[in-house]
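To start, the structure under review is shown below, and the notes come after it.
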Amino acid sequence: MNAGDTTGRHLKRLRAEGVSVWLRGFHHPDPEGELPGLVAAWDLGGVTWTVDDVLAGDGRARLAELRDGGADPARAWRRLSADATRAACDALLPLYEASRSRTGLVSADLPPAAPGRSAAKEARALWWAVDRSNLLLKIPGTPGSMETVSALLADGIGVDVTPVFSAMRYEQVFDALCAGLEQARRAGRALHRICSAVSLPIAPVDALVDRRLREQGLAASRYPTGEAARAHARVVYHLHEQAMSAPRWQRLATHGARLPHLVWTDLEPAGPMCYADHLVAWGVVHAVSRPALPTIAGSTLIGDALSGRHITARQDLEALYAFGLSYEELARELETTWLADREERGRALWRDPAHGTGSTSPAAADPNPG
C-alpha cells in the first residue's frame with residue numbers, strides 16, 4: 001500500500017502538531033501480513049480494537065472450532081482473544097521497542113467476562129496469555145472500575161480506560177491512573193514500561209444532543225452540530241494539561257512515568273461533520289478506521305484547536321441549558337446506556353456466540369467505542 005505523497009505530507013504535518021494516528025479496528029487473522037504494511041504506510045502509532053473485530057472474518061468459525069474441540073466457553077474466548085491480540089502486538093513490537101515504549105501500542109478489548117468472573121480477572125488472564133509489553137487492556141471508564149484500573153497498573157499491566165464521556169469522569173480516571181503508578185513505584189516497578197491511555201468517544205456526544213433537540217421539535221441549527229463534542233474535547237484537554245503540570249504527576253514523571261495517551265475515538269459521524277481538524281493538539285491520538293484513513297489524511301489542518309480554548313468551551317456547554325439539556329446528564333446517559341448495552345451484548349455472546357453483536361442503542365454512534 002502506498003499512502004501517496006500528499007498524504008505523507010499531511011501526516012508529517014499532523015505529527016508536527018504532536019498528533020499520533022492509531023488504526024481503529026483490524027481483523028485477525030492477517031494471512032497476508034497487511035498490518036505491518038499499514039503501520040508503515042500510514043505511520044500509525046498504534047492499534048485499537050474491540051470484541052467485534054475479534055469476531056469478524058473467521059473469528060466466529062474459530063470460536064466454534066475451539067468449543068467443538070472441547071474447550072469450555074471461557075477458555076475458547078480467551079484463546080481467540082489472545083491469539084488475535086498477540087498477533088497485533090507482534091506487528092507493532094518493533095515500533096514499540098524503537099520508540100522506547102512511547103508508541104507501537106495495541107489496545108485490546110477484554111473477552112466477555114464469564115459469569116462469576118470480574119473484569120480484573122479477565123484482564124490479568126488476557127495479559128499473561130498475550131505476554132507482550134506493548135499491550136493495553138480496555139477497562140470501562142465507570143466509577144466501579146477505578147479500583148481495577150489502579151490495581152492493574154500497580155501490577156505493571158497497561159490499561160486503556162474507555163469510554164470516558166465527561167470531564168468529571170476524566171478527572172477520576174486520571175486520579176486512578178496516578179494511584180496505580182504510585183503503587184507500582186513503591187513496588188519497585190519500572191514506570192517507563194507501564195503504558196496507559198484514556199479514550200473518549202466524540203461523535204456520540206453530538207448524536208445525543210441532536211436527538212434530544214429533535215425530540216423537542218427544535219432544529220439542530222439552534223445549537224450547531226459539532227459544538228458540544230468539540231467543547232467537551234477542549235474542556236477535557238485543558239484538564240489533561242493541568243494534570244500534566246500538577247505536582248502529583250511531576251513526581252511520577254521524575255521516576256519515568258509515561259503520560260497517558262489521550263485518545264479521541266468515534267471521529268466519523270454519519271453526516272458531513274469532520275472532527276479530526278478540530279481535535280488537534282500536542283500529545284493526542286486520533287483513532288481512525290481503515291476506510292477513513294484517506295479522509296483524515298486529506299482534511300485541512302488548522303493547527304492546535306484545543307489548547308487555551310476551555311473558557312469558550314465551557315460557555316458552549318453551558319448554552320445547552322437554554323435548550324433544557326445538561327452536559328453532565330448527557331454524559332451520564334451515554335455512560336449508562338453504553339454499560340447496559342455492553343452487559344447485554346456479553347450475555348448474548350455467552351448464550352450464543354454465533355449471534356451478531358450489533359447494538360440497537362439510540363444514544364451512541366458505536367456500541368463499543370474505542
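Each chain in the C-alpha cells gets a letter, A, B, ..., in the order shown, and its residues are numbered from 1; ligands are numbered from 1 in order too.
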Using DSSP on the backbone coordinates, identify all residues within region 219-349 of chain A classified as alpha helix (DSSP H); present the result as JSON, numbers by chain. {"A": [227, 228, 229, 230, 231, 232, 233, 234, 235, 236, 237, 238, 239, 240, 241, 242, 243, 244, 245, 247, 248, 249, 250, 251, 252, 253, 254, 293, 294, 295, 296, 297, 310, 311, 312, 313, 314, 315, 316, 317, 318, 327, 328, 329, 330, 331, 332, 333, 334, 335, 336, 337, 338, 339, 340, 341, 342, 343, 344, 345, 346, 347, 348, 349]}
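Shell of Thr312 (chain A) at 10 Å, with only C-alpha atoms counted and residues fewer than 6 places along the chain excluded, is Ala231, Arg234, Val235 and Glu318 of chain A.
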Convert the current residue selection to file output with N, CA and C atoms, as a short mmCIF file (atom, residue, chain, number, x, y, z; two decimals), in the first residue's frame.
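Ended up saving to selection-v4.cif:
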```cif
data_model
loop_
_atom_site.label_atom_id
_atom_site.label_comp_id
_atom_site.auth_asym_id
_atom_site.auth_seq_id
_atom_site.Cartn_x
_atom_site.Cartn_y
_atom_site.Cartn_z
N ALA A 231 -16.53 21.20 22.26
CA ALA A 231 -16.40 21.84 23.57
C ALA A 231 -16.01 20.83 24.63
N ARG A 234 -12.34 20.08 24.30
CA ARG A 234 -11.48 21.17 24.74
C ARG A 234 -11.41 21.26 26.27
N VAL A 235 -12.53 21.02 26.93
CA VAL A 235 -12.53 21.04 28.39
C VAL A 235 -11.68 19.90 28.93
N GLU A 318 -22.45 25.24 28.65
CA GLU A 318 -23.48 25.86 29.47
C GLU A 318 -24.67 26.31 28.63
#
```
Give me, as a compact mmCIF listing (two decimals) with all heavy atoms, in the first residue's frame, all polymer residues having an atom no more than 7 Å from region 250-259 of chain A, counting only C-alpha atoms and skipping those fewer than 3 positions away in the same chain.
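So part-v2.txt came out as:
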```
# COMPACT_ATOMS: atom_id res chain seq x y z
N LEU A 191 8.55 2.43 35.86
CA LEU A 191 7.35 3.13 35.40
C LEU A 191 7.37 3.40 33.90
O LEU A 191 6.31 3.49 33.27
CB LEU A 191 7.19 4.46 36.16
CG LEU A 191 6.97 4.36 37.67
CD1 LEU A 191 6.54 5.72 38.23
CD2 LEU A 191 5.93 3.30 38.02
N HIS A 192 8.55 3.54 33.31
CA HIS A 192 8.60 3.84 31.88
C HIS A 192 8.12 2.66 31.03
O HIS A 192 7.87 2.82 29.84
CB HIS A 192 10.01 4.25 31.45
CG HIS A 192 10.99 3.12 31.41
ND1 HIS A 192 11.62 2.64 32.54
CD2 HIS A 192 11.43 2.35 30.38
CE1 HIS A 192 12.42 1.64 32.21
NE2 HIS A 192 12.32 1.44 30.91
N CYS A 195 2.43 1.51 30.27
CA CYS A 195 1.74 2.45 29.39
C CYS A 195 0.25 2.50 29.72
O CYS A 195 -0.32 1.54 30.25
CB CYS A 195 1.93 2.06 27.93
SG CYS A 195 3.67 2.06 27.40
N SER A 245 0.93 19.19 34.53
CA SER A 245 1.81 20.12 35.24
C SER A 245 1.62 20.08 36.75
O SER A 245 2.35 20.77 37.48
CB SER A 245 1.54 21.56 34.74
OG SER A 245 0.18 21.91 34.95
N ALA A 246 0.68 19.27 37.23
CA ALA A 246 0.42 19.20 38.67
C ALA A 246 1.56 18.49 39.39
O ALA A 246 2.22 17.60 38.83
CB ALA A 246 -0.90 18.47 38.92
N PRO A 247 1.81 18.84 40.64
CA PRO A 247 2.91 18.21 41.40
C PRO A 247 2.81 16.70 41.47
O PRO A 247 3.84 16.01 41.44
CB PRO A 247 2.78 18.85 42.79
CG PRO A 247 2.12 20.17 42.54
CD PRO A 247 1.18 19.93 41.41
```
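The smallest atom-to-atom distance between Leu152 (chain A) and any of A:Glu171, A:Asp206, A:Glu182, A:Glu328, using only C-alpha atoms, is found for A:Glu182.
Closest to Asp53 (chain A) among A:Ala305, A:Ala84, A:Leu92, A:Cys178 is A:Ala84, based on only C-alpha atoms.
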Between CA of Ala331 (chain A) and CA of Asp266 (chain A), what is the distance, to one decimal in Å? 15.2 Å
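The shortest atom-to-atom distance to Asp131 (chain A), with only C-alpha atoms taken into account, belongs to A:Ala82 out of A:Val106, A:Val205, A:Ala91, A:Ala82.
Look at Asp83 (chain A): the protein and nucleic acid residues within 9 Å of it, using only C-alpha atoms and passing over chain neighbours fewer than 2 places away, are His28, Pro29, Arg78, Arg79, Leu80, Ser81, Thr85, Arg86, Ala87, Ala88, Ala129 and Val130 of chain A.
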Can those selected residues be exported to a file as a tab-separated table (two decimals), in the first residue's frame so that it contains N, CA and C atoms?
```tsv
chain	number	residue	atom	x	y	z
A	28	HIS	N	-8.41	-10.23	12.52
A	28	HIS	CA	-7.44	-11.31	12.64
A	28	HIS	C	-8.12	-12.61	12.20
A	29	PRO	N	-7.45	-13.53	11.52
A	29	PRO	CA	-6.02	-13.46	11.19
A	29	PRO	C	-5.71	-12.54	10.02
A	78	ARG	N	-10.90	-16.77	25.59
A	78	ARG	CA	-9.58	-16.26	25.92
A	78	ARG	C	-8.55	-16.66	24.87
A	79	ARG	N	-8.67	-17.87	24.36
A	79	ARG	CA	-7.72	-18.32	23.33
A	79	ARG	C	-7.87	-17.47	22.07
A	80	LEU	N	-9.11	-17.23	21.66
A	80	LEU	CA	-9.35	-16.44	20.46
A	80	LEU	C	-8.84	-15.01	20.64
A	81	SER	N	-9.17	-14.40	21.78
A	81	SER	CA	-8.72	-13.02	22.04
A	81	SER	C	-7.21	-12.94	22.13
A	85	THR	N	-4.82	-10.73	19.66
A	85	THR	CA	-4.11	-9.62	20.28
A	85	THR	C	-2.60	-9.80	20.18
A	86	ARG	N	-2.12	-11.01	20.39
A	86	ARG	CA	-0.68	-11.26	20.30
A	86	ARG	C	-0.16	-10.97	18.90
A	87	ALA	N	-0.94	-11.35	17.88
A	87	ALA	CA	-0.51	-11.10	16.50
A	87	ALA	C	-0.37	-9.60	16.24
A	88	ALA	N	-1.32	-8.80	16.73
A	88	ALA	CA	-1.23	-7.36	16.54
A	88	ALA	C	-0.06	-6.78	17.32
A	129	ALA	N	-1.73	-14.31	29.02
A	129	ALA	CA	-1.83	-15.16	27.83
A	129	ALA	C	-1.13	-14.52	26.63
A	130	VAL	N	-1.27	-13.19	26.48
A	130	VAL	CA	-0.64	-12.49	25.36
A	130	VAL	C	0.86	-12.31	25.60
```
Using only C-alpha atoms, determine which residues lie at most 10 Å from region 313-315 of chain A, disregarding the query and same-chain residues fewer than 2 positions distant; provide the list as a tab-separated table (two decimals) with N, CA, C and O atoms, in the first residue's frame.
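Okay, this is what ended up in part36.tsv:
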```tsv
chain	number	residue	atom	x	y	z
A	227	GLU	N	-20.71	21.46	18.05
A	227	GLU	CA	-20.30	22.35	19.11
A	227	GLU	C	-20.11	21.61	20.44
A	227	GLU	O	-19.14	21.84	21.16
A	228	ALA	N	-21.07	20.76	20.78
A	228	ALA	CA	-21.00	20.07	22.07
A	228	ALA	C	-19.78	19.16	22.15
A	228	ALA	O	-19.05	19.15	23.15
A	229	ALA	N	-19.55	18.37	21.10
A	229	ALA	CA	-18.43	17.43	21.11
A	229	ALA	C	-17.10	18.16	21.15
A	229	ALA	O	-16.19	17.77	21.89
A	230	ARG	N	-16.97	19.21	20.35
A	230	ARG	CA	-15.70	19.96	20.36
A	230	ARG	C	-15.47	20.65	21.70
A	230	ARG	O	-14.35	20.67	22.21
A	231	ALA	N	-16.53	21.20	22.26
A	231	ALA	CA	-16.40	21.84	23.57
A	231	ALA	C	-16.01	20.83	24.63
A	231	ALA	O	-15.15	21.09	25.49
A	232	HIS	N	-16.64	19.67	24.59
A	232	HIS	CA	-16.31	18.58	25.51
A	232	HIS	C	-14.82	18.23	25.41
A	232	HIS	O	-14.12	18.12	26.42
A	233	ALA	N	-14.31	18.09	24.19
A	233	ALA	CA	-12.91	17.73	23.98
A	233	ALA	C	-11.98	18.83	24.50
A	233	ALA	O	-10.93	18.54	25.10
A	234	ARG	N	-12.34	20.08	24.30
A	234	ARG	CA	-11.48	21.17	24.74
A	234	ARG	C	-11.41	21.26	26.27
A	234	ARG	O	-10.35	21.53	26.83
A	235	VAL	N	-12.53	21.02	26.93
A	235	VAL	CA	-12.53	21.04	28.39
A	235	VAL	C	-11.68	19.90	28.93
A	235	VAL	O	-10.86	20.08	29.85
A	236	VAL	N	-11.83	18.72	28.35
A	236	VAL	CA	-11.03	17.57	28.80
A	236	VAL	C	-9.55	17.82	28.54
A	236	VAL	O	-8.70	17.52	29.39
A	306	LEU	N	-7.25	22.96	20.38
A	306	LEU	CA	-7.74	22.61	21.71
A	306	LEU	C	-7.16	23.49	22.81
A	306	LEU	O	-7.86	23.89	23.74
A	308	GLY	N	-5.99	26.26	25.30
A	308	GLY	CA	-6.39	27.62	25.63
A	308	GLY	C	-7.80	27.98	25.24
A	308	GLY	O	-8.15	29.18	25.23
A	309	ARG	N	-8.64	26.99	24.94
A	309	ARG	CA	-10.00	27.30	24.50
A	309	ARG	C	-11.05	26.76	25.46
A	309	ARG	O	-12.20	26.57	25.08
A	310	HIS	N	-10.64	26.54	26.69
A	310	HIS	CA	-11.57	25.92	27.64
A	310	HIS	C	-12.64	26.89	28.14
A	310	HIS	O	-13.73	26.46	28.53
A	311	ILE	N	-12.35	28.20	28.15
A	311	ILE	CA	-13.34	29.15	28.65
A	311	ILE	C	-14.55	29.19	27.71
A	311	ILE	O	-15.70	29.03	28.14
A	317	LEU	N	-20.90	24.59	26.43
A	317	LEU	CA	-21.59	23.52	27.13
A	317	LEU	C	-22.70	24.08	28.03
A	317	LEU	O	-23.77	23.48	28.14
A	318	GLU	N	-22.45	25.24	28.65
A	318	GLU	CA	-23.48	25.86	29.47
A	318	GLU	C	-24.67	26.31	28.63
A	318	GLU	O	-25.80	26.37	29.13
A	319	ALA	N	-24.42	26.61	27.35
A	319	ALA	CA	-25.51	27.03	26.47
A	319	ALA	C	-26.55	25.93	26.27
A	319	ALA	O	-27.70	26.21	25.87
A	320	LEU	N	-26.17	24.70	26.55
A	320	LEU	CA	-27.13	23.60	26.43
A	320	LEU	C	-28.31	23.76	27.38
A	320	LEU	O	-29.42	23.29	27.10
A	327	TYR	N	-24.92	19.02	30.10
A	327	TYR	CA	-23.74	18.26	29.69
A	327	TYR	C	-23.51	17.08	30.63
A	327	TYR	O	-23.26	15.96	30.19
```
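The interatomic distance for the pair CA of Ser133 (chain A) and CA of Leu55 (chain A) works out to 23.7 Å.
Across the model, the gap from CA of Leu23 (chain A) to CA of Val173 (chain A) is 23.4 Å.
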